[in-house]
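K.L.:
Below is one structure. I have some questions about it.
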2 protein chains.
Amino acid sequence: MPRLYVTLIHYPVVNKQGECIASAVTNLDLHDIARTMKTYGGLGFYVATPLTDQKALVERIVSHWTSGVGGEHHPKRKQALELVRVADSLEAVCEDIGRREGVAPKTVVTSAKQREGSLRFTELRAMLEEETPVLLVFGTAWGLAEDIMIKADYSLAPIVTQTGYNHLPVRCAAAIVMDRLLGSGRD
Amino acid sequence: MPRLYVTLIHYPVVNKQGECIASAVTNLDLHDIARTMKTYGGLGFYVATPLTDQKALVERIVSHWTSGVGGEHHPKRKQALELVRVADSLEAVCEDIGRREGVAPKTVVTSAKQREGSLRFTELRAMLEEETPVLLVFGTAWGLAEDIMIKADYSLAPIVTQTGYNHLPVRCAAAIVMDRLLGSGRD
């Protein structure tokens, strides 16, 4: 079984002007990515933000569904949101996975733009058949800051279509990527 | 180029207890499905609801992005939301597509559950290479009412994974389905 983790980074990411910012947490990002991970057998979903109020917001949303009335009424939602963990930074995410797994994960950043030397989906699928855990890194706002991109072990090829329009919501991009990596194929 | 349309049905759908209801429109459903359709070259995204206040809500959201300040600041978002149209019912959606295309679309309903005789993804991809437009039908809440399911021309195989957990958000399910139908594959 593949050992896949996902993190959604809220800092450092870039805004429309390419400036480095900390973005706000979006409620539905948590729900959608957690539910998609639960569907495809992902092991943990880290919401990464250094902002104290944003971390508290995530904890509050998650606890509503995992230990509050939300979970009683929607047990399936509870199962999904139990995958969510909060972390300060990408480094903290890697440390936590390293503690759980006994080995640091390979980090794979994602982007809407093509980068030199990116992994093809088929190459990352092969990597997921090995024992080492893999951490897929998604960015909010206008994407991951370059600083994070260059420090990662690998980057994944973008989702490219014939239209040239490449502005998928991160929730949908994450779903498509997980389906391509862990799904049964498109037969 | 495939002639694919999508509709998101808010009535008749079922609730958790299996009762027939009209669901409320979710803002991010509009954005996410419109952006995904724009990415994959879909031709129109119909939000179907018979409720007057819900239709007005959709019109207000869409006009903010297509003719309001939203579109000036986010032209890419404007391009996506220009695909959104409001309709009373699935029948009204088919009539509108029929008027535009000169031929009624083949209707293909989706479900999280396996149904007898469902199309495989590869079969629907072959159908999309023909000239007749195809209308993919997604349900909100706990899914499309049986009445809609049985009237459709076809049903599409569900997204199935090894985990047995099948509670994807409709936004994510629509993205995965469009990627499987119109994407470049998972190489």
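If you're wondering about the labels, chains in the structure tokens are A, B, ... by order shown, residues count from 1 in each chain, ligands from 1 in order shown.
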Could the residues of chain A within 9 Å of chain B, counting only C-alpha atoms, be given as a PyMOL selection string, please?
P.N.:
chain A and resi 28+31-33+35-36+38-41+76-77+120-123+159-169+171-177+179-187
K.L.:
Can you pull out every residue within 8 Å of Thr107 in chain A, counting only C-alpha atoms, but drop anything in the same chain fewer than 4 positions away, and send it as a VMD selection string?
P.N.:
chain A and resid 134 to 137 152 to 154
K.L.:
Please produce a file of those selected residues containing N, CA and C atoms, as a PDB file, in the first residue's frame.
P.N.:
ATOM      1  N   VAL A 134       6.006   9.284   0.753  1.00  0.00           N
ATOM      2  CA  VAL A 134       6.070  10.418  -0.169  1.00  0.00           C
ATOM      3  C   VAL A 134       5.139  11.513   0.353  1.00  0.00           C
ATOM      4  N   LEU A 135       5.651  12.739   0.372  1.00  0.00           N
ATOM      5  CA  LEU A 135       4.842  13.895   0.784  1.00  0.00           C
ATOM      6  C   LEU A 135       4.594  14.790  -0.424  1.00  0.00           C
ATOM      7  N   LEU A 136       3.332  14.863  -0.849  1.00  0.00           N
ATOM      8  CA  LEU A 136       2.956  15.751  -1.944  1.00  0.00           C
ATOM      9  C   LEU A 136       2.671  17.138  -1.358  1.00  0.00           C
ATOM     10  N   VAL A 137       3.235  18.161  -1.978  1.00  0.00           N
ATOM     11  CA  VAL A 137       3.143  19.519  -1.435  1.00  0.00           C
ATOM     12  C   VAL A 137       2.334  20.400  -2.390  1.00  0.00           C
ATOM     13  N   ALA A 152      12.764  21.187  -2.491  1.00  0.00           N
ATOM     14  CA  ALA A 152      12.098  19.876  -2.500  1.00  0.00           C
ATOM     15  C   ALA A 152      12.960  18.840  -3.209  1.00  0.00           C
ATOM     16  N   ASP A 153      12.706  17.565  -2.884  1.00  0.00           N
ATOM     17  CA  ASP A 153      13.440  16.485  -3.547  1.00  0.00           C
ATOM     18  C   ASP A 153      13.043  16.372  -5.022  1.00  0.00           C
ATOM     19  N   TYR A 154      11.753  16.549  -5.300  1.00  0.00           N
ATOM     20  CA  TYR A 154      11.253  16.392  -6.671  1.00  0.00           C
ATOM     21  C   TYR A 154      10.131  17.403  -6.930  1.00  0.00           C
TER      22      TYR A 154
END
K.L.:
When you count only C-alpha atoms, which of these residues is closest to Cys94 in chain A: A:Tyr5, A:Arg115, A:Ala141, A:Gly70?
P.N.:
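The answer is A:Tyr5, which sits nearest to Cys94 in chain A.
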K.L.:
With a distance cut-off of 9 Å and only C-alpha atoms, select the neighbouring residues of Val13 in chain A, excluding the residue or stretch itself and same-chain residues fewer than 3 positions from it, and output the selection as a VMD selection string.
P.N.:
chain A and resid 9 to 10 18 to 23 139 to 146 148
K.L.:
Which residues, written as a list in words, have at least one atom at most 8 Å from Leu51 in chain B, with only C-alpha atoms counted and residues fewer than 3 positions away on the same chain left out?
P.N.:
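Those residues are Gln54, Lys55 and Asp88 of chain B.
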K.L.:
Figure out the distance between CA of Lys78 in chain A and CA of Asp53 in chain A, please, to one decimal in Å.
P.N.:
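Separation of CA of Asp53 in chain A and CA of Lys78 in chain A: 22.7 Å.
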K.L.:
Take CA of Phe138 in chain A and CA of Thr7 in chain B and report the distance between them in Å, one decimal.
P.N.:
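Interatomic distance, CA of Phe138 in chain A to CA of Thr7 in chain B: 28.4 Å.
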K.L.:
To one decimal place in Å, what is the distance between CA of Glu116 in chain A and CA of Arg3 in chain A?
P.N.:
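Between these atoms lies a distance of 25.7 Å.
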K.L.:
Within range 96-160 of chain A, find each residue whose DSSP state, derived from the backbone, is strand (DSSP E or B), and express the selection as a list in words.
P.N.:
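Reading the DSSP output for range 96-160 of chain A, strand (DSSP E or B) covers Lys106, Thr107, Val108, Val109, Leu119, Val134, Leu135, Leu136, Val137, Phe138, Gly139, Leu144, Tyr154, Ser155 and Leu156 of chain A.
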K.L.:
Store the residues of this selection in a file with C-alpha atoms, as a PDB file, in the first residue's frame.
P.N.:
ATOM      1  CA  LYS A 106      10.526  12.256  -0.140  1.00  0.00           C
ATOM      2  CA  THR A 107       9.068  15.710  -0.843  1.00  0.00           C
ATOM      3  CA  VAL A 108       7.334  16.317  -4.179  1.00  0.00           C
ATOM      4  CA  VAL A 109       6.164  19.851  -4.959  1.00  0.00           C
ATOM      5  CA  LEU A 119       8.563  13.750 -12.492  1.00  0.00           C
ATOM      6  CA  VAL A 134       6.070  10.418  -0.169  1.00  0.00           C
ATOM      7  CA  LEU A 135       4.842  13.895   0.784  1.00  0.00           C
ATOM      8  CA  LEU A 136       2.956  15.751  -1.944  1.00  0.00           C
ATOM      9  CA  VAL A 137       3.143  19.519  -1.435  1.00  0.00           C
ATOM     10  CA  PHE A 138       0.357  21.792  -2.696  1.00  0.00           C
ATOM     11  CA  GLY A 139       0.293  25.595  -2.487  1.00  0.00           C
ATOM     12  CA  LEU A 144       4.256  27.756  -3.717  1.00  0.00           C
ATOM     13  CA  TYR A 154      11.253  16.392  -6.671  1.00  0.00           C
ATOM     14  CA  SER A 155       8.628  18.360  -8.579  1.00  0.00           C
ATOM     15  CA  LEU A 156       5.625  16.766 -10.272  1.00  0.00           C
TER      16      LEU A 156
END
K.L.:
Contacts of Thr52 in chain B at 12 Å or less, counting only C-alpha atoms, minus same-chain residues fewer than 2 places along, as a count of residues only?
P.N.:
15
